Amino acid sequence: MLGFHIDFNTAHFNPQYLRKWLRQLADLGYDTIVWELEDYVRWDICPETASAEALSKIEFTAILDYSRSLGLKNIPLLQCLAHSEYVLKHEKHYHLSEKPGSLSSYCPRNEKVHQFLTAWISEYLEVFHDAEYFHLGCDEAFKLGKECPSCSTFILEHSKSELVVTHINRLAAILLKRQITPIIWADMVLTHHESINLLSRDIMLFDWRYEIYRGNGKVWGWDEVGGRLYTGETIPENIKKTFMKWLYPLGDELAREPEPFYTADYLKEMGFKVVTCPTASCYQDNVFAPRNFMHIANIFDSTRKGNTLEGSVVTSWTVHLFPYELQFPAIAAAKYALNNDYSLEAFQVEFSKYFFGLANNDFFIAAGLLSKNCLFSYGGTLGFGKFTRPAESGHIKRILARELEANRLDANIENCRSRKQEYGQAKIMFEQLLNQELLNRDLVEKWLLAARNLENRANVSLLILQMRKADSSMDTLRPGNDEITAVLSELRLLKQLTEEMYQSISMPQRREEIIGWIFNAVEEELAGYINIKGK
């Protein structure tokens, strides 16, 4: 399996854009699409959860038919534990949550949840009528048992591991009766592995992790709050105790690096079919461009690992907003990774030559200059997330208050200055590339727009930080109105250009929301400073 995951949590793709990328993915050697639909389709069982621009089942079936015509297999993904905000935010479905009104997770001890999901799986299978696999989600339910008396009691009497496994096995049984292979994300099983022997071996595990690749000496360790990266020297004893054999298959002598994909080896030895899942877009990417080379390295090594297992699926999380064009080098890397004649360096040379007609590495150098964040360039500081709501009023001021309290204003100011230089250098390099004879110019034009946006966002962040510092220190000069007006005017121009870019990508209402998430909070904050006289 070489699959690609299409996520509709945030992106409501224009159907024509979807068809374009399905064709591109097939050309790049992908054979499978994992469809995480969320509110993109109107379902009979819960029509109130559909977005205003949702497709009918008939309209979406036409897209699936096109996917099949390209030789692609289609796998539905229905989240059956956490990440069901689009359902649980509706009062009609409050009773399905661990805590009424909470968006964190379905209650796995609630029989009505099982009935609801059973019916919904059946409706999904009417649309995905030839499905060989069905992905049940079940990842990142880290609050499980903390909000529900029934779940917490079960955990005390048994374990959180058994709570998760019991829920998954019940849903998997529905699919197995239809000769369909159930799939889940592997993280909850890896976090709570005490009852792993109770989990059906007929379930396929998608083992995802995004910051890992060979040569950096780090591994991911899962824990109750999600986990973190560790070097060999810092791996906790409880993780070593469980996974030592797979972390250090050749022993942990000095200079041996831990195996970054040890969890896949562990799950395979436990008797599961395992698919590795790297990513082209994930947490801490900024809203304008990805951490390009990190994703390429992750995809390269993870896909090669998957080739020794059941395959790989490249994920792409649209909550980070930038379009597939800006993920294209990483998406293309999977095909090259399967050819052992290519190293990471050889891939960059071949990609630059084949897709741009370039005989140098300038594209990758320029893209790399956009990989680091300034304060207001990513979702965590812009105040939106998978719940797809605009930032709350006063969000920017709360972020500034947090940074002031932590004594980080000066550090953020210096970071913004450094990023501004890097973004500006990238902008010049992309402009120089566009002055050459170039293939696929539209890809480079989108990277240039990202560079312009980031350079402006560094300026915006600097001004906002300087104004906050001036408020807290009588010795600090405020930026003048002329400077603020110039940066604000550029931001509004870039907002218009970015919206134009999204016209062929997103449905109109979601396009307006995306532009709002990217720009509105900082625009409103900056506009509020115009009438404040500089000292």
# chains A, B, ... in the order shown; residues from 1 in each chain; ligands from 1
call {"tool": "residues_around", "arguments": {"residues": "region 279-293 of chain A", "least_positions_apart": "6", "cutoff": "6 Å", "atoms": "only C-alpha atoms", "output": "list in words"}}
result
Tyr210, Val314, Thr315, Ser316, Trp317, His320, Leu321, Phe322, Gln327, Ala330, Ser371, Ser377, Tyr378 and Ala450 of chain A
call {"tool": "residues_around", "arguments": {"residues": "Glu431 (chain A)", "least_positions_apart": "3", "cutoff": "9 Å", "atoms": "only C-alpha atoms", "output": "number ranges by chain"}}
result
A: 426-428, 434-435, 444-445, 448
call {"tool": "write_last_selection", "arguments": {"atoms": "N, CA and C atoms", "output": "PDB file, in the first residue's frame"}}
result
ATOM      1  N   ALA A 426      14.522  34.292   1.182  1.00  0.00           N
ATOM      2  CA  ALA A 426      13.762  33.317   0.392  1.00  0.00           C
ATOM      3  C   ALA A 426      12.966  34.016  -0.702  1.00  0.00           C
ATOM      4  N   LYS A 427      12.354  35.141  -0.365  1.00  0.00           N
ATOM      5  CA  LYS A 427      11.581  35.891  -1.359  1.00  0.00           C
ATOM      6  C   LYS A 427      12.462  36.264  -2.552  1.00  0.00           C
ATOM      7  N   ILE A 428      13.649  36.756  -2.289  1.00  0.00           N
ATOM      8  CA  ILE A 428      14.571  37.136  -3.372  1.00  0.00           C
ATOM      9  C   ILE A 428      14.937  35.912  -4.211  1.00  0.00           C
ATOM     10  N   LEU A 434      11.973  32.700 -10.715  1.00  0.00           N
ATOM     11  CA  LEU A 434      10.904  33.024 -11.663  1.00  0.00           C
ATOM     12  C   LEU A 434      11.404  33.883 -12.820  1.00  0.00           C
ATOM     13  N   ASN A 435      12.597  34.425 -12.708  1.00  0.00           N
ATOM     14  CA  ASN A 435      13.195  35.164 -13.823  1.00  0.00           C
ATOM     15  C   ASN A 435      13.893  34.237 -14.815  1.00  0.00           C
ATOM     16  N   VAL A 444       6.215  27.542  -7.955  1.00  0.00           N
ATOM     17  CA  VAL A 444       7.174  28.504  -7.408  1.00  0.00           C
ATOM     18  C   VAL A 444       6.472  29.810  -7.054  1.00  0.00           C
ATOM     19  N   GLU A 445       5.466  30.196  -7.839  1.00  0.00           N
ATOM     20  CA  GLU A 445       4.716  31.419  -7.527  1.00  0.00           C
ATOM     21  C   GLU A 445       4.011  31.295  -6.176  1.00  0.00           C
ATOM     22  N   LEU A 448       6.600  31.776  -3.570  1.00  0.00           N
ATOM     23  CA  LEU A 448       6.937  33.193  -3.466  1.00  0.00           C
ATOM     24  C   LEU A 448       5.886  33.932  -2.632  1.00  0.00           C
TER      25      LEU A 448
END
call {"tool": "residues_around", "arguments": {"residues": "Lys273 (chain A)", "least_positions_apart": "4", "cutoff": "12 Å", "atoms": "only C-alpha atoms", "output": "MDAnalysis selection string"}}
result
chainID A and resid 1 181:184 186 200:207 264:269 306 308:312
call {"tool": "select_by_dssp", "arguments": {"residues": "region 400-440 of chain A", "states": "alpha helix (DSSP H)", "output": "PyMOL selection string"}}
result
chain A and resi 400-405+409-434
call {"tool": "write_last_selection", "arguments": {"atoms": "C-alpha atoms", "output": "JSON list (two decimals), in the first residue's frame"}}
result
[["chain", "number", "residue", "atom", "x", "y", "z"],
["A", 400, "LEU", "CA", 1.10, 38.85, 24.47],
["A", 401, "ALA", "CA", 0.24, 38.75, 28.17],
["A", 402, "ARG", "CA", 1.44, 35.16, 28.33],
["A", 403, "GLU", "CA", 4.73, 36.03, 26.62],
["A", 404, "LEU", "CA", 5.23, 39.05, 28.91],
["A", 405, "GLU", "CA", 4.58, 36.98, 32.02],
["A", 409, "LEU", "CA", 9.05, 39.51, 24.68],
["A", 410, "ASP", "CA", 12.71, 40.26, 23.90],
["A", 411, "ALA", "CA", 13.40, 36.70, 22.76],
["A", 412, "ASN", "CA", 10.37, 36.85, 20.44],
["A", 413, "ILE", "CA", 11.49, 40.20, 19.05],
["A", 414, "GLU", "CA", 14.93, 38.80, 18.22],
["A", 415, "ASN", "CA", 13.38, 35.69, 16.70],
["A", 416, "CYS", "CA", 11.11, 37.81, 14.48],
["A", 417, "ARG", "CA", 14.08, 39.85, 13.30],
["A", 418, "SER", "CA", 15.99, 36.69, 12.37],
["A", 419, "ARG", "CA", 13.00, 35.18, 10.63],
["A", 420, "LYS", "CA", 12.36, 38.42, 8.74],
["A", 421, "GLN", "CA", 15.85, 38.22, 7.25],
["A", 422, "GLU", "CA", 15.41, 34.57, 6.27],
["A", 423, "TYR", "CA", 11.96, 35.11, 4.77],
["A", 424, "GLY", "CA", 13.25, 38.10, 2.82],
["A", 425, "GLN", "CA", 16.16, 36.07, 1.48],
["A", 426, "ALA", "CA", 13.76, 33.32, 0.39],
["A", 427, "LYS", "CA", 11.58, 35.89, -1.36],
["A", 428, "ILE", "CA", 14.57, 37.14, -3.37],
["A", 429, "MET", "CA", 15.58, 33.58, -4.30],
["A", 430, "PHE", "CA", 12.07, 32.67, -5.51],
["A", 431, "GLU", "CA", 11.92, 35.90, -7.53],
["A", 432, "GLN", "CA", 15.24, 35.00, -9.13],
["A", 433, "LEU", "CA", 13.96, 31.52, -9.97],
["A", 434, "LEU", "CA", 10.90, 33.02, -11.66]]
call {"tool": "select_by_dssp", "arguments": {"residues": "region 209-413 of chain A", "states": "strand (DSSP E)", "output": "ChimeraX atom specification"}}
result
/A:218-221,228-231,274-277,312-314
call {"tool": "write_last_selection", "arguments": {"atoms": "C-alpha atoms", "output": "PDB file, in the first residue's frame"}}
result
ATOM      1  CA  LYS A 218      15.772  10.799  18.309  1.00  0.00           C
ATOM      2  CA  VAL A 219      12.719   8.647  18.895  1.00  0.00           C
ATOM      3  CA  TRP A 220       9.161   9.406  19.920  1.00  0.00           C
ATOM      4  CA  GLY A 221       7.877   8.035  23.199  1.00  0.00           C
ATOM      5  CA  ARG A 228       7.684  13.707  23.214  1.00  0.00           C
ATOM      6  CA  LEU A 229      10.967  13.265  21.364  1.00  0.00           C
ATOM      7  CA  TYR A 230      13.848  11.668  23.228  1.00  0.00           C
ATOM      8  CA  THR A 231      17.507  11.140  22.548  1.00  0.00           C
ATOM      9  CA  VAL A 274       1.411  -2.446  10.246  1.00  0.00           C
ATOM     10  CA  VAL A 275       1.428   0.563   7.916  1.00  0.00           C
ATOM     11  CA  THR A 276       3.807   3.456   8.612  1.00  0.00           C
ATOM     12  CA  CYS A 277       2.371   6.964   8.389  1.00  0.00           C
ATOM     13  CA  SER A 312       2.790   3.489   4.016  1.00  0.00           C
ATOM     14  CA  VAL A 313       0.154   6.221   4.007  1.00  0.00           C
ATOM     15  CA  VAL A 314       1.304   9.840   3.799  1.00  0.00           C
TER      16      VAL A 314
END
call {"tool": "residues_around", "arguments": {"residues": "Tyr354 (chain A)", "least_positions_apart": "5", "cutoff": "10 Å", "atoms": "only C-alpha atoms", "output": "CSV table (one decimal) with N, CA and C atoms, in the first residue's frame"}}
result
chain,number,residue,atom,x,y,z
A,348,GLN,N,16.5,15.4,-4.2
A,348,GLN,CA,16.4,16.9,-4.4
A,348,GLN,C,16.9,17.3,-5.8
A,349,VAL,N,18.0,16.7,-6.2
A,349,VAL,CA,18.6,17.0,-7.6
A,349,VAL,C,17.6,16.6,-8.6
A,359,ALA,N,19.1,23.1,-12.7
A,359,ALA,CA,20.3,22.3,-12.5
A,359,ALA,C,21.0,22.6,-11.2
A,439,LEU,N,9.9,25.2,-15.5
A,439,LEU,CA,8.7,24.4,-15.5
A,439,LEU,C,7.9,24.6,-14.3
A,440,ASN,N,6.6,24.3,-14.4
A,440,ASN,CA,5.7,24.4,-13.2
A,440,ASN,C,5.9,25.7,-12.4
call {"tool": "closest_residue", "arguments": {"among": "A:His12, A:Arg178, A:His5, A:Arg109", "to": "Glu53 (chain A)", "atoms": "only C-alpha atoms"}}
result
A:His12
call {"tool": "atom_distance", "arguments": {"atom1": "CA of Lys160 (chain A)", "atom2": "CA of Asn110 (chain A)"}}
result
15.4 Å
call {"tool": "closest_residue", "arguments": {"among": "A:Ala131, A:Tyr66, A:Ile121, A:Trp222", "to": "Trp43 (chain A)", "atoms": "only C-alpha atoms"}}
result
A:Ile121
call {"tool": "residues_around", "arguments": {"residues": "region 246-253 of chain A", "least_positions_apart": "6", "cutoff": "8 Å", "atoms": "only C-alpha atoms", "output": "CSV table (one decimal) with N, CA and C atoms, in the first residue's frame"}}
result
chain,number,residue,atom,x,y,z
A,240,LYS,N,11.9,2.2,28.0
A,240,LYS,CA,13.0,1.2,27.7
A,240,LYS,C,12.6,-0.2,28.2
A,259,GLU,N,16.5,2.9,17.2
A,259,GLU,CA,15.7,2.7,15.9
A,259,GLU,C,14.5,3.7,15.9
A,260,PRO,N,14.4,4.6,15.0
A,260,PRO,CA,13.3,5.6,15.1
A,260,PRO,C,11.9,5.0,14.8
A,262,TYR,N,10.9,2.0,15.9
A,262,TYR,CA,10.8,0.8,16.8
A,262,TYR,C,9.4,0.4,17.0
A,263,THR,N,8.4,1.4,17.1
A,263,THR,CA,7.1,1.0,17.4
A,263,THR,C,6.5,0.1,16.3
A,265,ASP,N,8.2,-2.0,14.4
A,265,ASP,CA,8.7,-3.4,14.6
A,265,ASP,C,8.1,-4.1,15.8
A,266,TYR,N,7.8,-3.3,16.9
A,266,TYR,CA,7.1,-3.9,18.0
A,266,TYR,C,5.7,-4.4,17.7
call {"tool": "atom_distance", "arguments": {"atom1": "CA of Gly226 (chain A)", "atom2": "CA of Arg209 (chain A)"}}
result
11.2 Å
call {"tool": "residues_around", "arguments": {"residues": "Phe8 (chain A)", "least_positions_apart": "2", "cutoff": "9 Å", "atoms": "only C-alpha atoms", "output": "compact mmCIF listing (two decimals) with C-alpha atoms, in the first residue's frame"}}
result
# COMPACT_ATOMS: atom_id res chain seq x y z
CA ILE A 6 -7.10 13.53 2.43
CA THR A 10 -10.43 22.25 7.87
CA ALA A 11 -10.16 22.18 4.09
CA HIS A 12 -13.42 21.92 2.17
CA PHE A 13 -11.83 21.28 -1.18
CA TRP A 35 -10.79 9.80 3.04
CA GLU A 36 -11.25 11.57 6.40
CA LEU A 37 -14.52 13.27 5.44
CA GLU A 38 -15.89 14.76 8.67
CA ASP A 39 -18.55 17.37 7.76
CA TYR A 40 -17.75 17.46 4.02
CA TRP A 317 -3.49 17.68 8.14
CA THR A 318 -5.34 20.60 6.61
CA VAL A 319 -5.70 22.53 9.89
call {"tool": "residues_around", "arguments": {"residues": "Asn360 (chain A)", "least_positions_apart": "3", "cutoff": "10 Å", "atoms": "only C-alpha atoms", "output": "PyMOL selection string"}}
result
chain A and resi 348-350+352-353+357+363-365
call {"tool": "closest_residue", "arguments": {"among": "A:Phe128, A:Ala119, A:Ser159, A:Leu103", "to": "Glu147 (chain A)", "atoms": "only C-alpha atoms"}}
result
A:Leu103
call {"tool": "atom_distance", "arguments": {"atom1": "CA of Ser104 (chain A)", "atom2": "CA of Arg510 (chain A)"}}
result
23.2 Å
call {"tool": "closest_residue", "arguments": {"among": "A:Asp139, A:Glu59, A:Glu500, A:Asp362", "to": "Val41 (chain A)", "atoms": "only C-alpha atoms"}}
result
A:Glu59
